[in-house]
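Enquirer: Below you'll find upload_3.cif; it's mmCIF, C-alpha atoms.
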```
data_coords
#
loop_
_atom_site.group_PDB
_atom_site.id
_atom_site.type_symbol
_atom_site.label_atom_id
_atom_site.label_comp_id
_atom_site.auth_asym_id
_atom_site.auth_seq_id
_atom_site.Cartn_x
_atom_site.Cartn_y
_atom_site.Cartn_z
ATOM 1 C CA ILE K 780 19.039 -14.528 0.146
ATOM 2 C CA VAL K 781 22.186 -12.488 0.760
ATOM 3 C CA VAL K 782 23.112 -11.391 4.284
ATOM 4 C CA GLU K 783 25.757 -8.832 5.177
ATOM 5 C CA GLY K 784 28.570 -10.804 6.782
ATOM 6 C CA SER K 785 29.013 -14.577 6.870
ATOM 7 C CA PHE K 786 26.221 -16.964 7.782
ATOM 8 C CA GLU K 787 25.535 -20.677 8.002
ATOM 9 C CA ARG K 788 22.395 -22.151 6.483
ATOM 10 C CA LEU K 789 20.815 -24.508 8.991
ATOM 11 C CA SER K 790 17.759 -25.320 6.860
ATOM 12 C CA GLU K 791 15.668 -23.841 4.065
ATOM 13 C CA THR K 792 14.167 -21.278 6.435
ATOM 14 C CA ARG K 793 16.810 -21.007 9.192
ATOM 15 C CA LEU K 794 20.123 -19.168 9.039
ATOM 16 C CA LEU K 795 22.788 -18.780 11.690
ATOM 17 C CA ALA K 796 24.081 -15.231 11.164
ATOM 18 C CA PRO K 797 26.389 -13.898 13.918
ATOM 19 C CA ALA K 798 26.598 -10.579 12.068
ATOM 20 C CA CYS K 799 22.912 -10.034 12.804
ATOM 21 C CA ALA K 800 23.371 -10.036 16.561
ATOM 22 C CA ARG K 801 22.814 -6.254 16.562
ATOM 23 C CA SER K 802 21.563 -5.304 13.079
ATOM 24 C CA CYS K 803 21.989 -6.458 9.515
ATOM 25 C CA THR K 804 20.605 -6.217 5.988
ATOM 26 C CA PHE K 805 19.018 -8.960 3.889
ATOM 27 C CA ARG K 806 18.643 -8.865 0.113
ATOM 28 C CA TYR K 807 16.101 -11.193 -1.522
ATOM 29 C CA THR K 808 16.045 -12.139 -5.192
ATOM 30 C CA VAL K 809 13.067 -13.988 -6.676
ATOM 31 C CA LYS K 810 14.380 -15.990 -9.649
ATOM 32 C CA ASP K 811 11.176 -17.811 -10.620
ATOM 33 C CA GLN K 812 9.602 -15.924 -13.537
ATOM 34 C CA SER K 813 6.042 -17.086 -12.812
ATOM 35 C CA SER K 814 3.758 -14.734 -10.909
ATOM 36 C CA LYS K 815 3.245 -15.346 -7.219
ATOM 37 C CA VAL K 816 1.827 -13.585 -4.188
ATOM 38 C CA LEU K 817 3.721 -13.934 -0.905
ATOM 39 C CA SER K 818 3.034 -12.560 2.540
ATOM 40 C CA SER K 819 5.749 -10.741 4.442
ATOM 41 C CA THR K 820 5.202 -13.196 7.313
ATOM 42 C CA LYS K 821 6.387 -15.989 4.996
ATOM 43 C CA LEU K 822 8.883 -13.988 2.978
ATOM 44 C CA LEU K 823 10.909 -12.032 5.528
ATOM 45 C CA LEU K 824 13.340 -13.781 7.843
ATOM 46 C CA MET K 825 13.040 -12.784 11.492
ATOM 47 C CA PRO K 826 15.248 -13.594 14.490
ATOM 48 C CA GLU K 827 14.154 -16.412 16.771
ATOM 49 C CA ALA K 828 14.913 -14.278 19.816
ATOM 50 C CA ASN K 829 14.789 -10.540 20.483
ATOM 51 C CA ARG K 830 12.507 -9.940 17.520
ATOM 52 C CA PRO K 831 12.727 -6.306 16.344
ATOM 53 C CA ARG K 832 9.584 -4.203 16.273
ATOM 54 C CA GLU K 833 10.122 -3.098 12.698
ATOM 55 C CA ALA K 834 12.178 -3.523 9.541
ATOM 56 C CA LYS K 835 12.665 -1.193 6.565
ATOM 57 C CA VAL K 836 11.843 -2.692 3.161
ATOM 58 C CA LEU K 837 12.655 -1.509 -0.375
ATOM 59 C CA VAL K 838 11.005 -3.213 -3.370
ATOM 60 C CA ARG K 839 12.525 -3.035 -6.867
ATOM 61 C CA GLY K 840 12.035 -4.756 -10.199
ATOM 62 C CA HIS K 841 8.907 -6.664 -11.252
ATOM 63 C CA ALA K 842 7.195 -6.516 -7.894
ATOM 64 C CA ALA K 843 4.319 -4.762 -6.190
ATOM 65 C CA SER K 844 3.345 -4.415 -2.561
ATOM 66 C CA ALA K 845 0.141 -3.734 -0.695
ATOM 67 C CA LEU K 846 1.944 -1.143 1.402
ATOM 68 C CA PHE K 847 3.961 0.960 -0.993
ATOM 69 C CA GLY K 848 4.843 1.681 -4.578
ATOM 70 C CA HIS K 849 7.913 0.864 -6.636
ATOM 71 C CA GLY K 850 11.136 2.327 -5.256
ATOM 72 C CA GLU K 851 9.622 3.481 -1.949
ATOM 73 C CA VAL K 852 11.202 2.559 1.379
ATOM 74 C CA ARG K 853 8.624 1.673 4.011
ATOM 75 C CA THR K 854 8.651 0.180 7.481
ATOM 76 C CA LEU K 855 6.967 -3.132 8.300
ATOM 77 C CA LEU K 856 5.975 -3.789 11.892
ATOM 78 C CA PHE K 857 6.467 -7.228 13.428
ATOM 79 C CA GLU K 858 3.481 -7.391 15.733
ATOM 80 C CA LYS K 859 1.198 -10.347 16.320
ATOM 81 C CA THR K 860 -1.906 -8.214 15.796
ATOM 82 C CA ARG K 861 -0.852 -7.117 12.305
ATOM 83 C CA GLU K 862 -1.470 -9.031 9.101
ATOM 84 C CA GLY K 863 1.366 -9.944 6.803
ATOM 85 C CA ALA K 864 1.791 -7.436 3.976
ATOM 86 C CA PRO K 865 1.266 -9.191 0.605
ATOM 87 C CA PHE K 866 3.865 -8.812 -2.149
ATOM 88 C CA VAL K 867 3.364 -9.689 -5.830
ATOM 89 C CA PHE K 868 6.315 -10.909 -7.894
ATOM 90 C CA GLY K 869 6.438 -11.657 -11.607
ATOM 91 C CA PRO K 870 4.322 -10.550 -14.597
ATOM 92 C CA THR K 871 1.506 -8.163 -13.677
ATOM 93 C CA ARG K 872 -0.696 -5.542 -15.259
ATOM 94 C CA HIS K 873 -0.585 -2.449 -13.087
ATOM 95 C CA LYS K 874 -3.103 0.329 -13.674
ATOM 96 C CA THR K 875 -3.829 3.582 -11.846
ATOM 97 C CA LEU K 876 -7.610 3.957 -12.013
ATOM 98 C CA GLY K 877 -7.743 7.407 -10.475
ATOM 99 C CA GLU K 878 -6.252 9.329 -7.608
ATOM 100 C CA GLY K 879 -5.815 6.940 -4.692
ATOM 101 C CA LEU K 880 -6.791 3.733 -6.520
ATOM 102 C CA GLU K 881 -4.471 1.174 -8.099
ATOM 103 C CA LEU K 882 -5.277 -2.212 -9.658
ATOM 104 C CA THR K 883 -2.678 -4.956 -10.100
ATOM 105 C CA VAL K 884 -3.736 -7.971 -12.170
ATOM 106 C CA VAL K 885 -1.509 -10.969 -11.465
ATOM 107 C CA SER K 886 -0.613 -13.115 -14.514
ATOM 108 C CA PRO K 887 -2.734 -10.981 -16.866
ATOM 109 C CA ALA K 888 -2.064 -13.290 -19.836
ATOM 110 C CA LYS K 889 -4.310 -15.904 -18.227
ATOM 111 C CA PHE K 890 -7.346 -13.662 -18.744
ATOM 112 C CA ARG K 891 -8.958 -13.121 -22.139
ATOM 113 C CA ASN K 892 -9.387 -9.404 -21.473
ATOM 114 C CA PRO K 893 -7.680 -8.128 -18.294
ATOM 115 C CA GLU K 894 -8.667 -4.556 -19.200
ATOM 116 C CA MET K 895 -12.323 -5.356 -18.428
ATOM 117 C CA PHE K 896 -11.599 -5.278 -14.692
ATOM 118 C CA ASP K 897 -10.744 -1.564 -14.748
ATOM 119 C CA THR K 898 -14.317 -0.303 -15.037
ATOM 120 C CA TRP K 899 -15.644 -2.839 -12.505
ATOM 121 C CA VAL K 900 -13.121 -1.927 -9.799
ATOM 122 C CA LYS K 901 -13.321 1.832 -10.432
ATOM 123 C CA GLU K 902 -17.130 1.830 -10.349
ATOM 124 C CA ALA K 903 -17.282 -0.209 -7.127
ATOM 125 C CA TYR K 904 -14.763 2.050 -5.392
ATOM 126 C CA GLY K 905 -16.608 5.140 -6.594
ATOM 127 C CA GLY K 906 -19.814 3.797 -5.066
ATOM 128 C CA VAL K 907 -18.106 3.197 -1.735
ATOM 129 C CA ALA K 908 -16.543 6.672 -1.827
ATOM 130 C CA SER K 909 -20.018 8.115 -2.428
ATOM 131 C CA LEU K 910 -21.271 6.276 0.665
ATOM 132 C CA TYR K 911 -18.583 7.829 2.861
ATOM 133 C CA GLY K 912 -18.659 11.211 1.171
ATOM 134 C CA LYS K 913 -15.005 10.833 0.166
ATOM 135 C CA ALA K 914 -12.474 8.109 -0.614
ATOM 136 C CA PRO K 915 -12.302 5.790 2.420
ATOM 137 C CA VAL K 916 -8.478 5.698 2.378
ATOM 138 C CA LYS K 917 -5.660 7.784 0.921
ATOM 139 C CA MET K 918 -4.460 4.920 -1.309
ATOM 140 C CA ALA K 919 -6.373 1.703 -1.994
ATOM 141 C CA ARG K 920 -4.568 -1.102 -3.777
ATOM 142 C CA ILE K 921 -6.404 -3.976 -5.427
ATOM 143 C CA PHE K 922 -4.690 -7.292 -6.206
ATOM 144 C CA LEU K 923 -6.617 -9.468 -8.672
ATOM 145 C CA ARG K 924 -5.475 -13.079 -8.982
ATOM 146 C CA PRO K 925 -6.555 -15.645 -11.604
ATOM 147 C CA VAL K 926 -8.166 -19.000 -10.831
ATOM 148 C CA GLU K 927 -8.238 -21.273 -13.855
ATOM 149 C CA GLY K 928 -11.323 -23.264 -14.780
ATOM 150 C CA HIS K 929 -13.917 -20.882 -13.297
ATOM 151 C CA ASP K 930 -16.205 -18.294 -14.912
ATOM 152 C CA HIS K 931 -17.057 -15.923 -12.044
ATOM 153 C CA PRO K 932 -15.448 -14.035 -9.129
ATOM 154 C CA LEU K 933 -14.697 -16.564 -6.386
ATOM 155 C CA PHE K 934 -13.392 -14.769 -3.325
ATOM 156 C CA VAL K 935 -12.601 -11.261 -2.112
ATOM 157 C CA GLN K 936 -10.823 -10.221 1.084
ATOM 158 C CA ALA K 937 -9.940 -6.850 2.568
ATOM 159 C CA LEU K 938 -6.729 -6.483 4.558
ATOM 160 C CA THR K 939 -6.706 -3.347 6.670
ATOM 161 C CA LEU K 940 -3.935 -3.913 9.216
ATOM 162 C CA SER K 941 -1.105 -4.162 6.676
ATOM 163 C CA GLY K 942 -2.159 -1.353 4.372
ATOM 164 C CA PRO K 943 -5.474 -0.746 2.573
ATOM 165 C CA LEU K 944 -5.630 -3.773 0.275
ATOM 166 C CA VAL K 945 -8.394 -5.804 -1.339
ATOM 167 C CA THR K 946 -7.458 -9.149 -2.904
ATOM 168 C CA LEU K 947 -9.705 -10.793 -5.486
ATOM 169 C CA LEU K 948 -9.737 -14.338 -6.847
ATOM 170 C CA VAL K 949 -11.440 -14.321 -10.245
ATOM 171 C CA GLY K 950 -12.007 -17.183 -12.687
ATOM 172 C CA THR K 951 -10.007 -16.879 -15.892
ATOM 173 C CA GLU K 952 -13.151 -17.608 -17.951
ATOM 174 C CA THR K 953 -15.196 -14.836 -16.333
ATOM 175 C CA PRO K 954 -17.069 -12.703 -18.893
ATOM 176 C CA ALA K 955 -17.487 -8.973 -18.331
ATOM 177 C CA SER K 956 -21.234 -9.465 -17.865
ATOM 178 C CA GLU K 957 -20.640 -11.445 -14.654
ATOM 179 C CA LEU K 958 -18.622 -8.775 -12.870
ATOM 180 C CA ARG K 959 -21.417 -6.383 -11.907
ATOM 181 C CA LYS K 960 -23.416 -9.322 -10.526
ATOM 182 C CA ASP K 961 -20.763 -9.826 -7.859
ATOM 183 C CA TRP K 962 -21.496 -8.310 -4.442
ATOM 184 C CA THR K 963 -18.327 -9.219 -2.561
ATOM 185 C CA LEU K 964 -16.068 -6.526 -4.034
ATOM 186 C CA VAL K 965 -18.236 -3.680 -2.756
ATOM 187 C CA HIS K 966 -18.684 -5.477 0.582
ATOM 188 C CA GLU K 967 -14.931 -5.730 1.119
ATOM 189 C CA MET K 968 -14.222 -2.194 -0.081
ATOM 190 C CA ILE K 969 -16.626 -0.885 2.554
ATOM 191 C CA HIS K 970 -14.349 -2.460 5.178
ATOM 192 C CA LEU K 971 -11.609 -0.003 4.192
ATOM 193 C CA GLY K 972 -13.582 2.925 5.544
ATOM 194 C CA PHE K 973 -13.951 2.022 9.220
ATOM 195 C CA PRO K 974 -11.580 0.680 11.888
ATOM 196 C CA THR K 975 -10.708 -2.967 12.286
ATOM 197 C CA ILE K 976 -11.855 -3.844 15.803
ATOM 198 C CA ILE K 977 -10.191 -6.845 17.409
ATOM 199 C CA GLY K 978 -13.054 -9.010 18.622
ATOM 200 C CA GLY K 979 -15.606 -6.882 16.762
ATOM 201 C CA ARG K 980 -16.166 -9.102 13.723
ATOM 202 C CA TYR K 981 -19.975 -9.140 13.966
ATOM 203 C CA TRP K 982 -20.130 -5.350 14.118
ATOM 204 C CA MET K 983 -17.740 -4.914 11.171
ATOM 205 C CA GLU K 984 -19.405 -7.553 9.018
ATOM 206 C CA GLY K 985 -22.817 -6.194 9.939
ATOM 207 C CA LEU K 986 -21.950 -2.720 8.661
ATOM 208 C CA SER K 987 -20.583 -4.026 5.352
ATOM 209 C CA THR K 988 -23.520 -6.384 4.899
ATOM 210 C CA TYR K 989 -26.017 -3.578 5.559
ATOM 211 C CA PHE K 990 -24.451 -0.986 3.252
ATOM 212 C CA GLU K 991 -23.376 -3.268 0.359
ATOM 213 C CA PRO K 992 -26.829 -3.631 -1.252
ATOM 214 C CA ILE K 993 -27.462 0.105 -0.802
ATOM 215 C CA VAL K 994 -24.237 0.991 -2.644
ATOM 216 C CA ARG K 995 -24.906 -1.504 -5.442
ATOM 217 C CA ALA K 996 -28.496 -0.313 -5.851
ATOM 218 C CA ARG K 997 -27.177 3.231 -6.267
ATOM 219 C CA LEU K 998 -24.818 1.887 -8.953
ATOM 220 C CA HIS K 999 -27.770 0.130 -10.646
ATOM 221 C CA ALA K 1000 -25.943 -3.156 -10.181
ATOM 222 C CA ARG K 1001 -28.876 -4.715 -8.309
ATOM 223 C CA GLN K 1002 -32.583 -4.167 -7.825
ATOM 224 C CA PRO K 1003 -33.470 -2.200 -4.658
ATOM 225 C CA ARG K 1004 -35.840 -4.944 -3.458
ATOM 226 C CA GLN K 1005 -33.458 -7.821 -4.239
ATOM 227 C CA PRO K 1006 -32.670 -9.810 -1.026
ATOM 228 C CA ALA K 1007 -29.233 -9.361 0.542
ATOM 229 C CA GLN K 1008 -26.808 -12.177 -0.213
ATOM 230 C CA GLY K 1009 -25.098 -12.722 3.132
ATOM 231 C CA LEU K 1010 -21.728 -12.315 4.791
ATOM 232 C CA ALA K 1011 -18.249 -12.638 3.278
#
```
Output the file's structure in the form of structure tokens.
Expert:
Amino acid sequence: IVVEGSFERLSETRLLAPACARSCTFRYTVKDQSSKVLSSTKLLLMPEANRPREAKVLVRGHAASALFGHGEVRTLLFEKTREGAPFVFGPTRHKTLGEGLELTVVSPAKFRNPEMFDTWVKEAYGGVASLYGKAPVKMARIFLRPVEGHDHPLFVQALTLSGPLVTLLVGTETPASELRKDWTLVHEMIHLGFPTIIGGRYWMEGLSTYFEPIVRARLHARQPRQPAQGLA
């Protein structure tokens, strides 16, 4: 971490920087070549007092963000009600799957065939767009992370307060035939299309749970009379 002006390092995560009393610039360099996903709440240093409402961020090099593309300058808000914006550093496979849809596979070499995820993600998003009558957001970004020793999708989560993002944890041994059996990707993508209501979890989860089997039946990914599989 480089800070404009002199500073004293008090600990691994605390700096004493008099130059930052009014405003200053930080530059971060990630030297580890392995892929990793970090949240802005853990990555960005913030003052202990008089916390600013926002900070401008520019990402360069082998990195991707849930909020913006390579070389774009965007503003992150420091509010308690907002989620941390995830950043990916290191080797990735980045693919534009259509207008308004991007897939980033983290550590693609750990998968036998990382290209097989393209059709799965594009089809699921197309089904959700059909439900709403249009794409639910202007730009949806999908981060797919490997989990070694497993042969199926393990976990999916939609983040809507830090930019339209869906993160997936998928086993590195997952065959292509297992992908369309998964219901969680469609469920989480549906979340992108309606507001996040603080304190309204049951309403939000209820909508996604209701519409998920309908979308997947339309995609012929499940039988219409197959029982719903629950909440995520």
Enquirer: Can you list, as an NGL selection string, the residues that the PyMOL selection byres ((chain K and resi 904) around 12) selects here?
Expert: :K and (876-882 or 897-903 or 905-916 or 918-921 or 945 or 964-972 or 991 or 994-995 or 998)
Enquirer: What does the distance between CA of Val884 in chain K and CA of Phe896 in chain K come to in Å, to one decimal place?
Expert: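 So the answer is 8.7 Å.
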Enquirer: So which residues fall inside 9 Å of (-10.6, -14.4, -8.4) if we count only C-alpha atoms? Mind giving them as a PyMOL selection string?
Expert: chain K and resi 923-926+929+931-935+946-951
Enquirer: Select, from K:Leu817, K:Leu823, K:Arg793, K:His999, the residue with the minimum atom-to-atom distance to Phe805 in chain K, counting all atoms listed in the file.
Expert: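 Of K:Leu817, K:Leu823, K:Arg793, K:His999, the one nearest Phe805 in chain K, counting all atoms listed in the file, is K:Leu823.
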Enquirer: When you look at Ser886 in chain K with a cut-off of 9 Å (counting all atoms listed in the file), what residues show up, excluding the ones that are within fewer than 6 positions of it in the same chain? I need them as a list in words.
Expert: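 Residues near the query, excluding close chain neighbours: Ser813, Ser814, Lys815, Gly869, Pro870, Thr871, Arg872, Arg924 and Pro925 of chain K.
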Enquirer: Between CA of Thr808 in chain K and CA of Arg839 in chain K, what is the distance, to one decimal in Å?
Expert: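 Distance reported for this atom pair: 9.9 Å.
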Enquirer: Expressed in Å to a single decimal, how great is the separation between CA of Ser785 in chain K and CA of Arg801 in chain K?
Expert: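 CA of Arg801 in chain K lies 14.2 Å from CA of Ser785 in chain K.
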Enquirer: Put the listed atoms of range 940-958 of chain K in a box along x, y and z with 6 Å added on every side and give me the centre and edge lengths in Å to one decimal, as AutoDock Vina command-line options.
Expert:
```
--center_x -11.2 --center_y -9.2 --center_z -4.8 --size_x 32.1 --size_y 28.9 --size_z 40.1
```
Enquirer: Taking the file as I've supplied it (selection: the PyMOL selection byres ((chain K and resi 794) around 12)), which residues are included? Please answer as a PyMOL selection string.
Expert: chain K and resi 780-782+785-793+795-799+805+824-827
Enquirer: Counting all atoms listed in the file, which residue out of K:Gln1002, K:Ser987, K:Asn892, K:Ser802 sits closest to Ala937 in chain K?
Expert: K:Ser987
Enquirer: Using the chain letters and numbering of this document, enumerate as JSON, numbers by chain the residues selected by the PyMOL selection byres ((chain K and resi 959) around 9).
Expert: {"K": [899, 903, 955, 956, 957, 958, 960, 961, 962, 995, 1000, 1001]}
Enquirer: In terms of the shortest atom-to-atom distance over all atoms listed in the file, which of K:Pro992, K:Ala828, K:Phe868, K:Phe973 is closest to Asp811 in chain K?
Expert: K:Phe868
Enquirer: Extract, using only C-alpha atoms, all DNA, RNA and protein residues at most 7 Å from Ser844 in chain K, discarding same-chain residues fewer than 5 positions from it, and format them as a VMD selection string.
Expert: chain K and resid 865 to 867
